[in-house]
file start34.pdb (PDB, C-alpha atoms and all ligand atoms)
ATOM      1  CA  MET W   6      56.306 203.337 217.136  1.00  0.00           C
ATOM      2  CA  ALA W   7      55.667 199.615 216.747  1.00  0.00           C
ATOM      3  CA  ARG W   8      52.292 198.674 218.104  1.00  0.00           C
ATOM      4  CA  LYS W   9      49.957 195.712 217.861  1.00  0.00           C
ATOM      5  CA  GLU W  10      46.325 196.577 217.266  1.00  0.00           C
ATOM      6  CA  ASP W  11      44.680 194.150 219.654  1.00  0.00           C
ATOM      7  CA  CYS W  12      47.246 194.542 222.466  1.00  0.00           C
ATOM      8  CA  ILE W  13      45.888 195.812 225.783  1.00  0.00           C
ATOM      9  CA  PHE W  14      49.232 197.298 226.877  1.00  0.00           C
ATOM     10  CA  CYS W  15      49.727 199.047 223.506  1.00  0.00           C
ATOM     11  CA  LYS W  16      46.305 200.597 224.144  1.00  0.00           C
ATOM     12  CA  ILE W  17      47.425 201.752 227.597  1.00  0.00           C
ATOM     13  CA  VAL W  18      50.620 203.205 226.089  1.00  0.00           C
ATOM     14  CA  ALA W  19      48.478 205.071 223.523  1.00  0.00           C
ATOM     15  CA  ARG W  20      46.095 206.211 226.313  1.00  0.00           C
ATOM     16  CA  GLU W  21      43.195 204.538 224.538  1.00  0.00           C
ATOM     17  CA  ILE W  22      42.183 202.703 227.694  1.00  0.00           C
ATOM     18  CA  PRO W  23      42.628 204.091 231.195  1.00  0.00           C
ATOM     19  CA  ALA W  24      45.363 203.131 233.613  1.00  0.00           C
ATOM     20  CA  PHE W  25      47.080 204.769 236.557  1.00  0.00           C
ATOM     21  CA  VAL W  26      50.283 205.677 234.715  1.00  0.00           C
ATOM     22  CA  LEU W  27      52.894 206.653 237.291  1.00  0.00           C
ATOM     23  CA  PHE W  28      56.112 206.874 235.295  1.00  0.00           C
ATOM     24  CA  GLU W  29      57.064 207.657 231.722  1.00  0.00           C
ATOM     25  CA  SER W  30      60.363 207.683 229.875  1.00  0.00           C
ATOM     26  CA  GLU W  31      61.291 207.778 226.222  1.00  0.00           C
ATOM     27  CA  SER W  32      61.155 203.990 225.964  1.00  0.00           C
ATOM     28  CA  GLY W  33      58.641 202.906 228.546  1.00  0.00           C
ATOM     29  CA  LEU W  34      56.014 203.537 231.113  1.00  0.00           C
ATOM     30  CA  ALA W  35      54.838 202.096 234.422  1.00  0.00           C
ATOM     31  CA  PHE W  36      51.292 201.797 235.678  1.00  0.00           C
ATOM     32  CA  LEU W  37      49.292 200.059 238.384  1.00  0.00           C
ATOM     33  CA  ASP W  38      48.349 196.460 237.716  1.00  0.00           C
ATOM     34  CA  VAL W  39      44.561 196.323 237.568  1.00  0.00           C
ATOM     35  CA  ASN W  40      44.467 193.054 239.562  1.00  0.00           C
ATOM     36  CA  PRO W  41      47.290 193.573 242.050  1.00  0.00           C
ATOM     37  CA  LEU W  42      48.995 190.859 244.050  1.00  0.00           C
ATOM     38  CA  SER W  43      49.444 193.589 246.655  1.00  0.00           C
ATOM     39  CA  ASP W  44      48.579 197.299 246.834  1.00  0.00           C
ATOM     40  CA  GLY W  45      50.895 199.242 244.549  1.00  0.00           C
ATOM     41  CA  HIS W  46      51.781 196.322 242.230  1.00  0.00           C
ATOM     42  CA  LEU W  47      53.362 198.004 239.192  1.00  0.00           C
ATOM     43  CA  LEU W  48      53.890 196.965 235.602  1.00  0.00           C
ATOM     44  CA  LEU W  49      56.784 198.461 233.628  1.00  0.00           C
ATOM     45  CA  VAL W  50      56.441 198.096 229.854  1.00  0.00           C
ATOM     46  CA  PRO W  51      58.236 199.300 226.731  1.00  0.00           C
ATOM     47  CA  ARG W  52      56.245 201.707 224.564  1.00  0.00           C
ATOM     48  CA  ASP W  53      56.932 199.551 221.530  1.00  0.00           C
ATOM     49  CA  HIS W  54      55.256 196.197 221.258  1.00  0.00           C
ATOM     50  CA  TYR W  55      57.604 193.303 221.958  1.00  0.00           C
ATOM     51  CA  GLU W  56      56.143 190.069 223.181  1.00  0.00           C
ATOM     52  CA  ARG W  57      59.189 188.834 225.054  1.00  0.00           C
ATOM     53  CA  LEU W  58      62.171 190.296 226.895  1.00  0.00           C
ATOM     54  CA  SER W  59      64.474 188.244 224.697  1.00  0.00           C
ATOM     55  CA  GLU W  60      63.217 190.264 221.683  1.00  0.00           C
ATOM     56  CA  VAL W  61      63.776 193.714 223.183  1.00  0.00           C
ATOM     57  CA  PRO W  62      66.676 195.714 221.691  1.00  0.00           C
ATOM     58  CA  PRO W  63      69.424 196.267 224.298  1.00  0.00           C
ATOM     59  CA  PRO W  64      69.081 200.097 224.489  1.00  0.00           C
ATOM     60  CA  ILE W  65      65.362 199.802 225.269  1.00  0.00           C
ATOM     61  CA  ALA W  66      65.954 197.001 227.767  1.00  0.00           C
ATOM     62  CA  ALA W  67      68.683 199.123 229.365  1.00  0.00           C
ATOM     63  CA  GLU W  68      66.411 202.132 229.716  1.00  0.00           C
ATOM     64  CA  LEU W  69      63.673 200.040 231.281  1.00  0.00           C
ATOM     65  CA  ALA W  70      66.090 198.374 233.686  1.00  0.00           C
ATOM     66  CA  GLU W  71      67.569 201.754 234.595  1.00  0.00           C
ATOM     67  CA  ALA W  72      64.160 202.863 235.907  1.00  0.00           C
ATOM     68  CA  ILE W  73      63.700 199.913 238.254  1.00  0.00           C
ATOM     69  CA  PRO W  74      65.728 201.162 241.251  1.00  0.00           C
ATOM     70  CA  CYS W  75      63.966 204.529 241.189  1.00  0.00           C
ATOM     71  CA  LEU W  76      60.541 202.921 240.795  1.00  0.00           C
ATOM     72  CA  GLY W  77      61.464 200.576 243.636  1.00  0.00           C
ATOM     73  CA  ARG W  78      62.294 203.478 245.941  1.00  0.00           C
ATOM     74  CA  ALA W  79      58.983 205.150 245.050  1.00  0.00           C
ATOM     75  CA  LEU W  80      57.150 201.870 245.651  1.00  0.00           C
ATOM     76  CA  LEU W  81      58.730 201.463 249.093  1.00  0.00           C
ATOM     77  CA  ALA W  82      57.874 205.038 250.075  1.00  0.00           C
ATOM     78  CA  ALA W  83      54.349 205.016 248.635  1.00  0.00           C
ATOM     79  CA  THR W  84      53.215 201.615 249.866  1.00  0.00           C
ATOM     80  CA  LYS W  85      55.268 201.352 253.090  1.00  0.00           C
ATOM     81  CA  ALA W  86      56.329 197.911 251.854  1.00  0.00           C
ATOM     82  CA  GLU W  87      59.430 196.318 253.387  1.00  0.00           C
ATOM     83  CA  GLY W  88      60.649 195.003 250.053  1.00  0.00           C
ATOM     84  CA  PHE W  89      59.500 194.003 246.613  1.00  0.00           C
ATOM     85  CA  ASN W  90      59.799 191.315 243.987  1.00  0.00           C
ATOM     86  CA  VAL W  91      60.785 192.101 240.401  1.00  0.00           C
ATOM     87  CA  LEU W  92      59.264 189.435 238.205  1.00  0.00           C
ATOM     88  CA  LEU W  93      59.034 188.875 234.483  1.00  0.00           C
ATOM     89  CA  ASN W  94      57.096 186.012 232.988  1.00  0.00           C
ATOM     90  CA  GLU W  95      58.577 185.109 229.585  1.00  0.00           C
ATOM     91  CA  GLY W  96      56.207 182.887 227.670  1.00  0.00           C
ATOM     92  CA  ALA W  97      52.994 181.123 228.641  1.00  0.00           C
ATOM     93  CA  VAL W  98      55.015 178.320 230.231  1.00  0.00           C
ATOM     94  CA  ALA W  99      56.388 180.876 232.685  1.00  0.00           C
ATOM     95  CA  GLY W 100      52.973 182.383 233.383  1.00  0.00           C
ATOM     96  CA  GLN W 101      52.885 185.183 230.796  1.00  0.00           C
ATOM     97  CA  VAL W 102      49.279 186.072 230.003  1.00  0.00           C
ATOM     98  CA  VAL W 103      49.611 189.480 228.324  1.00  0.00           C
ATOM     99  CA  PRO W 104      51.886 189.119 225.284  1.00  0.00           C
ATOM    100  CA  HIS W 105      53.521 192.562 225.611  1.00  0.00           C
ATOM    101  CA  VAL W 106      56.653 192.254 227.707  1.00  0.00           C
ATOM    102  CA  HIS W 107      56.349 193.688 231.240  1.00  0.00           C
ATOM    103  CA  PHE W 108      58.238 193.693 234.508  1.00  0.00           C
ATOM    104  CA  HIS W 109      56.142 193.248 237.632  1.00  0.00           C
ATOM    105  CA  LEU W 110      57.214 195.188 240.734  1.00  0.00           C
ATOM    106  CA  ILE W 111      55.337 193.607 243.611  1.00  0.00           C
ATOM    107  CA  PRO W 112      55.384 195.271 247.045  1.00  0.00           C
ATOM    108  CA  ARG W 113      56.061 192.804 249.884  1.00  0.00           C
ATOM    109  CA  LYS W 114      55.252 192.973 253.571  1.00  0.00           C
ATOM    110  CA  SER W 115      55.920 190.378 256.275  1.00  0.00           C
ATOM    111  CA  GLY W 116      53.102 187.877 256.500  1.00  0.00           C
ATOM    112  CA  ASP W 117      51.477 188.981 253.221  1.00  0.00           C
ATOM    113  CA  GLY W 118      51.023 185.357 252.195  1.00  0.00           C
ATOM    114  CA  LEU W 119      52.536 185.898 248.748  1.00  0.00           C
ATOM    115  CA  GLY W 120      55.232 183.619 247.413  1.00  0.00           C
ATOM    116  CA  TYR W 121      55.944 180.855 244.975  1.00  0.00           C
ATOM    117  CA  ARG W 122      57.347 177.367 244.974  1.00  0.00           C
ATOM    118  CA  TRP W 123      61.151 177.442 244.836  1.00  0.00           C
ATOM    119  CA  ASN W 124      61.941 173.795 244.341  1.00  0.00           C
ATOM    120  CA  ALA W 125      65.727 174.057 244.316  1.00  0.00           C
ATOM    121  CA  GLY W 126      67.586 171.041 242.980  1.00  0.00           C
ATOM    122  CA  ALA W 127      71.222 169.990 242.636  1.00  0.00           C
ATOM    123  CA  TYR W 128      73.313 169.165 239.567  1.00  0.00           C
ATOM    124  CA  GLN W 129      74.408 165.610 239.045  1.00  0.00           C
ATOM    125  CA  THR W 130      78.115 165.119 238.298  1.00  0.00           C
ATOM    126  CA  GLY W 131      79.080 166.742 234.969  1.00  0.00           C
ATOM    127  CA  ARG W 132      75.691 168.342 234.305  1.00  0.00           C
ATOM    128  CA  ALA W 133      76.709 171.880 235.344  1.00  0.00           C
ATOM    129  CA  GLU W 134      79.699 171.654 232.976  1.00  0.00           C
ATOM    130  CA  GLU W 135      77.389 170.581 230.120  1.00  0.00           C
ATOM    131  CA  ILE W 136      74.968 173.418 230.785  1.00  0.00           C
ATOM    132  CA  ALA W 137      77.777 175.976 231.081  1.00  0.00           C
ATOM    133  CA  ALA W 138      79.207 174.793 227.744  1.00  0.00           C
ATOM    134  CA  ALA W 139      75.785 175.100 226.103  1.00  0.00           C
ATOM    135  CA  TYR W 140      75.469 178.660 227.429  1.00  0.00           C
ATOM    136  CA  LYS W 141      78.905 179.625 226.133  1.00  0.00           C
ATOM    137  CA  LYS W 142      77.998 178.265 222.684  1.00  0.00           C
ATOM    138  CA  ALA W 143      74.668 180.117 222.737  1.00  0.00           C
ATOM    139  CA  MET W 144      76.169 183.530 223.499  1.00  0.00           C
ATOM    140  CA  PRO W 145      79.406 183.934 221.601  1.00  0.00           C
ATOM    141  CA  ASP W 146      78.858 187.716 221.307  1.00  0.00           C
ATOM    142  CA  ILE W 147      78.423 188.516 224.994  1.00  0.00           C
TER     143      ILE W 147
HETATM  144  P1  LIG W 201      51.491 188.232 233.150  1.00  0.00           P
HETATM  145  O1  LIG W 201      50.807 187.021 233.718  1.00  0.00           O
HETATM  146  O2  LIG W 201      51.283 188.342 231.658  1.00  0.00           O
HETATM  147  O3  LIG W 201      52.932 188.320 233.561  1.00  0.00           O
HETATM  148  O4  LIG W 201      50.792 189.477 233.845  1.00  0.00           O
HETATM  149  C1  LIG W 201      49.814 190.243 233.239  1.00  0.00           C
HETATM  150  C2  LIG W 201      49.361 191.272 234.261  1.00  0.00           C
HETATM  151  O5  LIG W 201      48.646 192.282 233.577  1.00  0.00           O
HETATM  152  C3  LIG W 201      48.424 190.704 235.324  1.00  0.00           C
HETATM  153  O6  LIG W 201      48.997 190.914 236.618  1.00  0.00           O
HETATM  154  C4  LIG W 201      47.128 191.456 235.115  1.00  0.00           C
HETATM  155  O7  LIG W 201      46.467 191.780 236.319  1.00  0.00           O
HETATM  156  C5  LIG W 201      47.585 192.720 234.379  1.00  0.00           C
HETATM  157  N1  LIG W 201      46.591 193.277 233.478  1.00  0.00           N
HETATM  158  C6  LIG W 201      45.878 192.585 232.549  1.00  0.00           C
HETATM  159  N2  LIG W 201      45.053 193.419 231.881  1.00  0.00           N
HETATM  160  C7  LIG W 201      45.272 194.658 232.397  1.00  0.00           C
HETATM  161  C8  LIG W 201      44.694 195.949 232.104  1.00  0.00           C
HETATM  162  O8  LIG W 201      43.834 196.119 231.249  1.00  0.00           O
HETATM  163  N3  LIG W 201      45.173 196.990 232.826  1.00  0.00           N
HETATM  164  C9  LIG W 201      46.126 196.855 233.792  1.00  0.00           C
HETATM  165  N4  LIG W 201      46.501 197.952 234.444  1.00  0.00           N
HETATM  166  N5  LIG W 201      46.678 195.645 234.088  1.00  0.00           N
HETATM  167  C10 LIG W 201      46.248 194.573 233.401  1.00  0.00           C
HETATM  168 ZN    ZN W 202      51.567 195.666 222.839  1.00  0.00          ZN
END
call {"tool": "encode", "arguments": {"input": "start34.pdb", "output": "structure tokens"}}
result
Amino acid sequence: MARKEDCIFCKIVAREIPAFVLFESESGLAFLDVNPLSDGHLLLVPRDHYERLSEVPPPIAAELAEAIPCLGRALLAATKAEGFNVLLNEGAVAGQVVPHVHFHLIPRKSGDGLGYRWNAGAYQTGRAEEIAAAYKKAMPDI
């Protein structure tokens, strides 16, 4: 099992520091975020230490993703939320603070005051084609 000595989430996985662990599978586990954005805010992490989602082997990523609908149903039932956000911050630029990859599942209720800026733009002529071509070049194996 790949772990990083000074990683807080590796320590939670190893049960060396306490957390409210609510789900476990072969590849991952989910526990309550200690500083929740709303009651029931969950973190879903792989057991192995990977800093970023883009480094996670596909079978592990698949097993984690497979758990999300079931965790979401439990979240809705347990918290009486009306919905939830699934969020993953990849890299400090995107807001990642703990460098062990984790999905956030954040319960949402009307008027909860949570949210983020969604400054939608528009492509100038030809730019979408350029970006699409760059994507195609970057993922020849998909
Ligand atoms: P990030 O900004 O990296 O996407 O989110 C890190 C999350 O981990 C934060 O929401 C923070 O509250 C949570 N967190 C940080 N340290 C601990 C801890 O020791 N235990 C638990 N349960 N959550 C933690
Ligand atoms: Zn770790």
call {"tool": "resolve_selection", "arguments": {"input": "start34.pdb", "expression": "the PyMOL selection byres (((not hetatm)) within 12 of (chain W and resi 202))", "output": "list in words"}}
result
Met6, Ala7, Arg8, Lys9, Glu10, Asp11, Cys12, Ile13, Phe14, Cys15, Lys16, Ile17, Val18, Ala19, Gly33, Val50, Pro51, Arg52, Asp53, His54, Tyr55, Glu56, Arg57, Val103, Pro104, His105, Val106 and His107 of chain W
call {"tool": "closest_residue", "arguments": {"input": "start34.pdb", "among": "W:Arg78, W:Lys141, W:Lys85, W:His109", "to": "W:Asn40", "atoms": "all atoms listed in the file"}}
result
W:His109
call {"tool": "residues_near_ligand", "arguments": {"input": "start34.pdb", "ligand": "ligand LIG 201 (chain W)", "cutoff": "6 Å", "atoms": "only C-alpha atoms and all ligand atoms", "output": "PDB file with C-alpha atoms, in the coordinates of the input"}}
result
ATOM      1  CA  ILE W  13      45.888 195.812 225.783  1.00  0.00           C
ATOM      2  CA  ALA W  24      45.363 203.131 233.613  1.00  0.00           C
ATOM      3  CA  LEU W  37      49.292 200.059 238.384  1.00  0.00           C
ATOM      4  CA  ASP W  38      48.349 196.460 237.716  1.00  0.00           C
ATOM      5  CA  VAL W  39      44.561 196.323 237.568  1.00  0.00           C
ATOM      6  CA  ASN W  40      44.467 193.054 239.562  1.00  0.00           C
ATOM      7  CA  ASN W  94      57.096 186.012 232.988  1.00  0.00           C
ATOM      8  CA  GLY W 100      52.973 182.383 233.383  1.00  0.00           C
ATOM      9  CA  GLN W 101      52.885 185.183 230.796  1.00  0.00           C
ATOM     10  CA  VAL W 102      49.279 186.072 230.003  1.00  0.00           C
ATOM     11  CA  VAL W 103      49.611 189.480 228.324  1.00  0.00           C
TER      12      VAL W 103
END
call {"tool": "closest_residue", "arguments": {"input": "start34.pdb", "among": "W:Val98, W:Ala86, W:Ala133, W:Leu34", "to": "W:Ser115", "atoms": "only C-alpha atoms"}}
result
W:Ala86
call {"tool": "residues_around", "arguments": {"input": "start34.pdb", "residues": "W:Ala79", "least_positions_apart": "6", "cutoff": "12 Å", "atoms": "only C-alpha atoms", "output": "PDB file with C-alpha atoms, in the frame of the given file"}}
result
ATOM      1  CA  LEU W  27      52.894 206.653 237.291  1.00  0.00           C
ATOM      2  CA  PHE W  28      56.112 206.874 235.295  1.00  0.00           C
ATOM      3  CA  ALA W  35      54.838 202.096 234.422  1.00  0.00           C
ATOM      4  CA  GLY W  45      50.895 199.242 244.549  1.00  0.00           C
ATOM      5  CA  HIS W  46      51.781 196.322 242.230  1.00  0.00           C
ATOM      6  CA  LEU W  47      53.362 198.004 239.192  1.00  0.00           C
ATOM      7  CA  ALA W  72      64.160 202.863 235.907  1.00  0.00           C
ATOM      8  CA  ILE W  73      63.700 199.913 238.254  1.00  0.00           C
ATOM      9  CA  LYS W  85      55.268 201.352 253.090  1.00  0.00           C
ATOM     10  CA  ALA W  86      56.329 197.911 251.854  1.00  0.00           C
ATOM     11  CA  GLY W  88      60.649 195.003 250.053  1.00  0.00           C
ATOM     12  CA  PHE W  89      59.500 194.003 246.613  1.00  0.00           C
ATOM     13  CA  LEU W 110      57.214 195.188 240.734  1.00  0.00           C
ATOM     14  CA  PRO W 112      55.384 195.271 247.045  1.00  0.00           C
TER      15      PRO W 112
END
call {"tool": "atom_distance", "arguments": {"input": "start34.pdb", "atom1": "atom CA of W:Ser32", "atom2": "atom CA of W:Ala66"}}
result
8.7 Å
call {"tool": "atom_distance", "arguments": {"input": "start34.pdb", "atom1": "atom CA of W:Ala139", "atom2": "atom CA of W:Leu69"}}
result
28.2 Å
call {"tool": "closest_residue", "arguments": {"input": "start34.pdb", "among": "W:Leu93, W:Leu119, W:Leu42, W:Leu81", "to": "W:Leu58", "atoms": "all atoms listed in the file"}}
result
W:Leu93
call {"tool": "residues_around", "arguments": {"input": "start34.pdb", "residues": "W:Glu71", "least_positions_apart": "4", "cutoff": "12 Å", "atoms": "all atoms listed in the file", "output": "ChimeraX atom specification"}}
result
/W:30,32-33,49,63-67,75-77
call {"tool": "atom_distance", "arguments": {"input": "start34.pdb", "atom1": "atom CA of W:Arg122", "atom2": "atom CA of W:Asp44"}}
result
21.9 Å
call {"tool": "closest_residue", "arguments": {"input": "start34.pdb", "among": "W:Trp123, W:Phe108, W:Arg20, W:Ala97", "to": "W:Ala70", "atoms": "all atoms listed in the file"}}
result
W:Phe108
call {"tool": "closest_residue", "arguments": {"input": "start34.pdb", "among": "W:Glu87, W:Glu68, W:Asp117, W:Glu134", "to": "W:Glu31", "atoms": "all atoms listed in the file"}}
result
W:Glu68
call {"tool": "closest_residue", "arguments": {"input": "start34.pdb", "among": "W:Pro62, W:Pro145, W:Ile111, W:Glu95", "to": "W:Leu80", "atoms": "all atoms listed in the file"}}
result
W:Ile111
